[in-house]
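To be precise, the following lines are query_26.cif, and they hold mmCIF, C-alpha atoms.
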data_work
#
loop_
_atom_site.label_atom_id
_atom_site.label_comp_id
_atom_site.auth_asym_id
_atom_site.auth_seq_id
_atom_site.Cartn_x
_atom_site.Cartn_y
_atom_site.Cartn_z
CA MET A 55 29.99 -102.96 -106.89
CA HIS A 56 30.54 -100.12 -109.33
CA THR A 57 33.37 -97.77 -108.24
CA TRP A 58 32.08 -94.23 -108.13
CA ASN A 59 34.11 -91.19 -109.15
CA LYS A 60 34.30 -88.99 -106.03
CA ASN A 61 33.20 -85.78 -107.76
CA LEU A 62 30.37 -87.56 -109.53
CA MET A 63 29.21 -89.09 -106.27
CA ASN A 64 29.29 -85.74 -104.46
CA SER A 65 27.24 -84.10 -107.23
CA PHE A 66 24.79 -86.99 -107.28
CA PHE A 67 24.12 -86.87 -103.55
CA TYR A 68 23.93 -83.08 -103.57
CA PHE A 69 21.17 -83.38 -106.18
CA LEU A 70 19.44 -86.00 -103.99
CA SER A 71 19.54 -83.65 -100.99
CA LEU A 72 17.74 -80.99 -103.03
CA LEU A 73 15.21 -83.59 -104.14
CA GLN A 74 14.55 -84.61 -100.54
CA LYS A 75 13.88 -81.00 -99.56
CA LYS A 76 11.47 -80.56 -102.47
CA LEU A 77 9.59 -83.70 -101.47
CA ASN A 78 8.64 -81.98 -98.21
CA TYR A 79 5.88 -80.24 -100.16
CA PHE A 80 4.16 -83.60 -100.71
CA ILE A 81 4.09 -84.68 -97.05
CA LYS A 82 0.57 -84.95 -95.67
CA PHE A 83 -0.60 -85.08 -92.06
CA GLU A 84 -3.87 -86.97 -91.76
CA LYS A 85 -5.81 -88.58 -88.95
CA VAL A 86 -5.86 -92.36 -89.21
CA GLU A 87 -8.76 -94.09 -87.49
CA LYS A 88 -8.12 -97.76 -88.23
CA PHE A 89 -5.01 -99.90 -87.75
CA GLU A 90 -5.95 -103.41 -88.82
CA LYS A 91 -4.23 -104.37 -92.06
CA ILE A 92 -0.51 -103.60 -91.79
CA LEU A 93 2.21 -103.91 -94.42
CA ALA A 94 5.74 -104.09 -92.99
CA LEU A 95 8.82 -103.56 -95.18
CA ASP A 96 12.40 -104.38 -94.23
CA CYS A 97 15.63 -104.87 -96.18
CA ALA A 98 18.74 -106.91 -95.53
CA TYR A 99 21.92 -107.16 -97.59
CA LYS A 100 24.12 -110.00 -98.73
CA LYS A 101 27.11 -108.45 -100.46
CA ASP A 102 25.61 -106.38 -103.31
CA LEU A 103 22.21 -108.04 -103.13
CA ALA A 104 19.32 -106.28 -101.40
CA ILE A 105 16.61 -108.55 -100.02
CA CYS A 106 13.31 -106.88 -99.20
CA ALA A 107 10.75 -108.73 -97.11
CA ALA A 108 7.13 -107.58 -97.05
CA VAL A 109 4.76 -108.88 -94.41
CA TYR A 110 1.03 -108.28 -94.79
CA TYR A 111 -0.32 -108.61 -91.28
CA ASP A 112 -3.71 -108.56 -89.59
CA LEU A 113 -3.11 -106.65 -86.37
CA LYS A 114 -6.58 -107.33 -84.99
CA LYS A 115 -6.28 -111.10 -85.45
CA ASP A 116 -2.54 -111.10 -84.70
CA GLU A 117 -1.71 -113.22 -87.73
CA ILE A 118 0.24 -113.11 -90.98
CA ILE A 119 -1.92 -112.90 -94.10
CA LYS A 120 0.91 -113.32 -96.59
CA THR A 121 4.56 -112.51 -97.21
CA LYS A 122 6.66 -111.72 -100.26
CA ILE A 123 10.40 -111.49 -100.91
CA GLU A 124 12.03 -109.36 -103.61
CA LYS A 125 15.74 -109.38 -104.49
CA GLU A 126 17.72 -106.81 -106.41
CA GLU A 127 21.36 -105.96 -107.00
CA VAL A 128 22.34 -102.62 -105.46
CA LYS A 129 24.87 -100.50 -107.33
CA ILE A 130 24.64 -97.31 -105.27
CA PRO A 131 26.85 -97.01 -102.18
CA TYR A 132 25.32 -96.39 -98.77
CA VAL A 133 25.61 -92.80 -97.61
CA PRO A 134 24.04 -91.77 -94.26
CA THR A 135 20.69 -89.92 -94.62
CA PHE A 136 20.33 -91.16 -98.21
CA LEU A 137 19.08 -94.67 -97.48
CA PHE A 138 16.03 -94.10 -99.69
CA ILE A 139 18.05 -94.21 -102.91
CA ARG A 140 19.14 -97.77 -102.10
CA GLU A 141 15.97 -99.16 -100.56
CA ALA A 142 12.98 -97.22 -101.92
CA PRO A 143 13.08 -98.88 -105.38
CA ILE A 144 12.97 -102.45 -104.05
CA MET A 145 10.46 -101.54 -101.33
CA ILE A 146 8.13 -100.02 -103.90
CA LYS A 147 8.64 -103.09 -106.11
CA ASN A 148 7.51 -105.29 -103.22
CA TYR A 149 4.67 -102.94 -102.32
CA GLU A 150 3.32 -103.48 -105.85
CA ASN A 151 2.59 -107.08 -104.86
CA PHE A 152 0.11 -105.76 -102.28
CA LYS A 153 -1.22 -102.56 -103.83
CA ASN A 154 -4.65 -104.10 -104.45
CA GLU A 155 -4.96 -105.17 -100.83
CA GLU A 156 -6.54 -103.13 -98.06
CA ILE A 157 -3.65 -101.39 -96.31
CA ASP A 158 -4.31 -99.21 -93.27
CA LEU A 159 -0.67 -98.56 -92.45
CA ILE A 160 2.79 -99.21 -93.87
CA LEU A 161 5.63 -99.76 -91.41
CA VAL A 162 9.15 -99.18 -92.70
CA ASP A 163 12.41 -100.15 -91.07
CA GLY A 164 14.02 -96.69 -91.00
CA HIS A 165 13.28 -93.06 -90.24
CA GLY A 166 10.54 -90.76 -91.45
CA LEU A 167 10.52 -87.06 -90.56
CA ALA A 168 13.16 -87.58 -87.85
CA HIS A 169 15.73 -86.83 -90.54
CA PRO A 170 17.94 -83.79 -91.34
CA ARG A 171 15.84 -82.96 -94.40
CA LYS A 172 12.60 -84.49 -93.04
CA ALA A 173 12.78 -87.08 -95.80
CA GLY A 174 13.75 -90.47 -94.43
CA ILE A 175 12.93 -93.73 -96.21
CA ALA A 176 9.50 -93.97 -94.53
CA THR A 177 8.58 -90.50 -95.76
CA ILE A 178 9.59 -91.36 -99.33
CA ILE A 179 7.56 -94.59 -99.22
CA GLY A 180 4.57 -92.72 -97.79
CA ILE A 181 4.68 -90.10 -100.54
CA LEU A 182 5.07 -92.66 -103.32
CA THR A 183 2.34 -95.04 -102.09
CA GLU A 184 0.02 -92.35 -100.70
CA LYS A 185 -0.55 -94.62 -97.69
CA PRO A 186 -0.20 -93.76 -93.99
CA THR A 187 3.42 -94.62 -93.22
CA ILE A 188 5.50 -94.80 -90.05
CA GLY A 189 9.24 -95.29 -89.81
CA ILE A 190 10.54 -97.46 -86.97
CA ALA A 191 14.28 -97.19 -86.42
CA LYS A 192 16.68 -98.94 -84.08
CA SER A 193 19.00 -95.95 -83.73
CA PHE A 194 18.54 -92.20 -83.35
CA LEU A 195 19.35 -90.07 -86.39
CA TYR A 196 18.19 -86.49 -86.02
CA GLY A 197 16.15 -84.09 -83.95
CA GLU A 198 15.71 -83.34 -80.28
CA ILE A 199 14.06 -85.63 -77.75
CA LYS A 200 12.06 -84.16 -74.88
CA ASP A 201 9.95 -86.43 -72.65
CA GLU A 202 10.22 -89.22 -75.24
CA ILE A 203 8.85 -86.98 -78.02
CA ILE A 204 11.06 -86.36 -81.05
CA TYR A 205 11.09 -82.81 -82.37
CA VAL A 206 12.54 -81.42 -85.60
CA ASN A 207 12.49 -77.63 -85.80
CA ASN A 208 10.14 -77.56 -82.78
CA GLU A 209 7.63 -79.80 -84.59
CA LYS A 210 6.51 -83.11 -83.08
CA VAL A 211 7.56 -85.76 -85.59
CA GLY A 212 7.97 -88.93 -83.56
CA ILE A 213 8.20 -90.84 -80.31
CA LYS A 214 11.02 -92.73 -78.64
CA PHE A 215 9.71 -95.97 -77.14
CA GLY A 216 12.08 -98.29 -75.35
CA LYS A 217 15.20 -98.48 -77.50
CA TYR A 218 13.32 -97.65 -80.72
CA TYR A 219 12.37 -94.47 -82.58
CA ALA A 220 9.06 -94.08 -84.40
CA SER A 221 8.46 -91.12 -86.68
CA ILE A 222 5.83 -89.92 -89.11
CA GLY A 223 6.44 -90.93 -92.71
CA SER A 224 3.53 -89.26 -94.49
CA ASN A 225 -0.29 -89.36 -94.60
CA ILE A 226 -0.49 -89.72 -90.82
CA ASP A 227 -0.42 -87.18 -87.99
CA PHE A 228 1.34 -87.26 -84.63
CA ASP A 229 -1.76 -88.21 -82.63
CA SER A 230 -2.41 -91.17 -84.94
CA LEU A 231 1.19 -92.30 -84.65
CA LYS A 232 0.85 -92.20 -80.87
CA LYS A 233 -2.44 -94.08 -81.07
CA PHE A 234 -0.79 -96.87 -83.07
CA LEU A 235 2.02 -97.21 -80.53
CA GLU A 236 -0.56 -97.38 -77.75
CA ILE A 237 -2.37 -100.18 -79.59
CA ILE A 238 0.84 -102.24 -79.73
CA ASN A 239 1.69 -101.33 -76.12
CA PHE A 240 4.80 -99.44 -77.18
CA GLN A 241 6.47 -102.70 -78.25
CA TYR A 242 8.44 -103.25 -81.44
CA PRO A 243 5.82 -104.04 -84.13
CA LYS A 244 5.47 -107.79 -84.66
CA ALA A 245 4.99 -107.37 -88.41
CA LEU A 246 8.35 -105.58 -88.72
CA GLU A 247 10.00 -108.15 -86.49
CA ILE A 248 8.82 -110.91 -88.83
CA ALA A 249 9.93 -108.94 -91.92
CA ASP A 250 13.36 -108.40 -90.39
CA LYS A 251 13.73 -112.11 -89.67
CA LEU A 252 12.55 -113.15 -93.14
CA SER A 253 14.92 -110.79 -94.95
CA LYS A 254 17.90 -112.16 -93.02
CA GLU A 255 16.96 -115.82 -93.46
CA ILE A 256 16.94 -115.83 -97.25
CA LYS A 257 19.70 -118.00 -98.70
CA LEU A 258 21.54 -117.03 -101.87
#

Take the structure I supplied and represent it as structure tokens, if you would.
Amino acid sequence: MHTWNKNLMNSFFYFLSLLQKKLNYFIKFEKVEKFEKILALDCAYKKDLAICAAVYYDLKKDEIIKTKIEKEEVKIPYVPTFLFIREAPIMIKNYENFKNEEIDLILVDGHGLAHPRKAGIATIIGILTEKPTIGIAKSFLYGEIKDEIIYVNNEKVGIKFGKYYASIGSNIDFDSLKKFLEIINFQYPKALEIADKLSKEIKL
């Protein structure tokens, strides 16, 4: 992997933090009525290679429609709260394989508004695709949890369910996020589970 100059890296990520804050203006909160066709996106890494699995899933029929794998070398180091700069490009590349399909919801392995700058990977993907997007994370990043509801600056942005954390990406409101979790009985989404498994199974 490319060795970054420390000062250059600090300046680069400072610029990215400003960009994340500016992207807040593009976040939309919309009611989502239907959750049938789901696209799940998850990334795994093998050395410097990012592997993004996309699973297009029919929630009503409980079956996979199709899957797609994209691979890409990653040259940017991982820095907490800046996951989007590593994963958004390959996720969007894989999304392009499905952009002509009916997509009611995109699920992203990562955070949405439950983020210090309210701009997690799910939020970035939601803004770029203009699709309702939810982030599902396996660890807590930011905010305050009261009665299983995640707040950022006193705003409801997500829900803790079991050992997972769901938060609004964009183009979906809190009530719709809750409705989706109710539909899947507050279990980890099967589409994301399949995407996670696929991304880790790919051989070099």

Taking all listed atoms of segment 106-124 of chain A, build the axis-aligned box, pad each of the six sides by 6 Å, then write its centre and edge lengths in Å to one decimal as lines of an AutoDock Vina configuration file.
center_x = 3.4
center_y = -110.0
center_z = -94.2
size_x = 31.9
size_y = 18.7
size_z = 30.9

How many Å lie between atom CA of Lys100 of chain A and atom CA of Leu167 of chain A, rounded to one decimal?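 Answer for the atom CA of Lys100 of chain A to atom CA of Leu167 of chain A separation: 27.9 Å.
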
For the file shown, what are the residues hit by the PyMOL selection byres ((chain A and resi 122) around 10), laid out as a compact mmCIF listing (two decimals) with C-alpha atoms, keeping the file's coordinate frame?
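Written out: part.txt:
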# COMPACT_ATOMS: atom_id res chain seq x y z
CA LEU A 95 8.82 -103.56 -95.18
CA CYS A 106 13.31 -106.88 -99.20
CA ALA A 107 10.75 -108.73 -97.11
CA ALA A 108 7.13 -107.58 -97.05
CA VAL A 109 4.76 -108.88 -94.41
CA TYR A 110 1.03 -108.28 -94.79
CA LYS A 120 0.91 -113.32 -96.59
CA THR A 121 4.56 -112.51 -97.21
CA ILE A 123 10.40 -111.49 -100.91
CA GLU A 124 12.03 -109.36 -103.61
CA ASN A 148 7.51 -105.29 -103.22
CA TYR A 149 4.67 -102.94 -102.32
CA ASN A 151 2.59 -107.08 -104.86
CA PHE A 152 0.11 -105.76 -102.28
CA ALA A 249 9.93 -108.94 -91.92
CA LEU A 252 12.55 -113.15 -93.14
CA SER A 253 14.92 -110.79 -94.95

Using the chain letters and numbers from the file, which residues does the PyMOL selection byres ((chain A and resi 84) around 7) grab, as a VMD selection string? chain A and resid 82 to 83 85 to 86 225 to 227

Residues matched by the PyMOL selection byres ((chain A and resi 219-223) around 8) as a VMD selection string: chain A and resid 81 165 to 168 174 to 180 186 to 194 204 211 to 215 217 to 218 224 to 228 231

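Of note, atom CA of Leu77 of chain A and atom CA of Lys172 of chain A are spaced 9.0 Å apart.
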
Tell me which of A:Ile118, A:Leu235, A:Leu195, A:Cys97 sits closest to Pro134 of chain A, counting all atoms listed in the file.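 Checking each candidate against Pro134 of chain A, we get A:Leu195 as the closest.
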
One-decimal distance in Å that lies between atom CA of Gln241 of chain A and atom CA of Gly216 of chain A: 7.7 Å

What are the nearest atom pairs, with distances in Å to one decimal, for all residues of segment 93-144 of chain A that come at most 10 Å from segment 153-158 of chain A, using all atoms listed in the file, set out by chain and rising residue number as CSV?
residue,atom,partner,partner_atom,distance
A:Leu93,CA,A:Ile157,CA,6.7
A:Tyr110,CA,A:Ile157,CA,8.5
A:Tyr111,CA,A:Ile157,CA,9.4
A:Asp112,CA,A:Ile157,CA,9.8

At a cut-off of 10 Å, using all atoms listed in the file, what residues contact Glu198 of chain A? Leave out same-chain residues fewer than 6 positions from it and give the result as a PyMOL selection string. chain A and resi 168+204-210

Nearest to Glu126 of chain A among A:Ala104, A:Ala94, A:Ile199, A:Ile139, with distances taken over only C-alpha atoms: which residue is it?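 The closest residue to Glu126 of chain A is A:Ala104.
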
Final N, CA, C and O atoms of segment 64-76 of chain A as a short mmCIF file (atom, residue, chain, number, x, y, z; two decimals), keeping the file's coordinate frame:
data_model
loop_
_atom_site.label_atom_id
_atom_site.label_comp_id
_atom_site.auth_asym_id
_atom_site.auth_seq_id
_atom_site.Cartn_x
_atom_site.Cartn_y
_atom_site.Cartn_z
N ASN A 64 29.65 -86.93 -105.23
CA ASN A 64 29.29 -85.74 -104.46
C ASN A 64 28.17 -84.96 -105.15
O ASN A 64 27.23 -84.49 -104.50
N SER A 65 28.27 -84.82 -106.47
CA SER A 65 27.24 -84.10 -107.23
C SER A 65 25.92 -84.84 -107.18
O SER A 65 24.85 -84.23 -107.03
N PHE A 66 26.00 -86.16 -107.30
CA PHE A 66 24.79 -86.99 -107.28
C PHE A 66 24.05 -86.86 -105.96
O PHE A 66 22.84 -86.64 -105.92
N PHE A 67 24.77 -86.94 -104.85
CA PHE A 67 24.12 -86.87 -103.55
C PHE A 67 23.70 -85.44 -103.20
O PHE A 67 22.75 -85.25 -102.44
N TYR A 68 24.38 -84.45 -103.75
CA TYR A 68 23.93 -83.08 -103.57
C TYR A 68 22.57 -82.89 -104.25
O TYR A 68 21.64 -82.30 -103.69
N PHE A 69 22.44 -83.43 -105.46
CA PHE A 69 21.17 -83.38 -106.18
C PHE A 69 20.08 -84.09 -105.37
O PHE A 69 18.95 -83.60 -105.25
N LEU A 70 20.41 -85.25 -104.79
CA LEU A 70 19.44 -86.00 -103.99
C LEU A 70 18.99 -85.21 -102.77
O LEU A 70 17.84 -85.29 -102.36
N SER A 71 19.91 -84.46 -102.16
CA SER A 71 19.54 -83.65 -100.99
C SER A 71 18.54 -82.58 -101.37
O SER A 71 17.60 -82.28 -100.61
N LEU A 72 18.71 -81.99 -102.55
CA LEU A 72 17.74 -80.99 -103.03
C LEU A 72 16.39 -81.64 -103.30
O LEU A 72 15.34 -81.08 -103.00
N LEU A 73 16.44 -82.85 -103.86
CA LEU A 73 15.21 -83.59 -104.14
C LEU A 73 14.46 -83.89 -102.84
O LEU A 73 13.23 -83.71 -102.77
N GLN A 74 15.19 -84.31 -101.82
CA GLN A 74 14.55 -84.61 -100.54
C GLN A 74 13.84 -83.38 -99.98
O GLN A 74 12.73 -83.47 -99.47
N LYS A 75 14.48 -82.23 -100.07
CA LYS A 75 13.88 -81.00 -99.56
C LYS A 75 12.61 -80.65 -100.34
O LYS A 75 11.62 -80.20 -99.77
N LYS A 76 12.64 -80.86 -101.64
CA LYS A 76 11.47 -80.56 -102.47
C LYS A 76 10.31 -81.50 -102.15
O LYS A 76 9.14 -81.11 -102.21
#
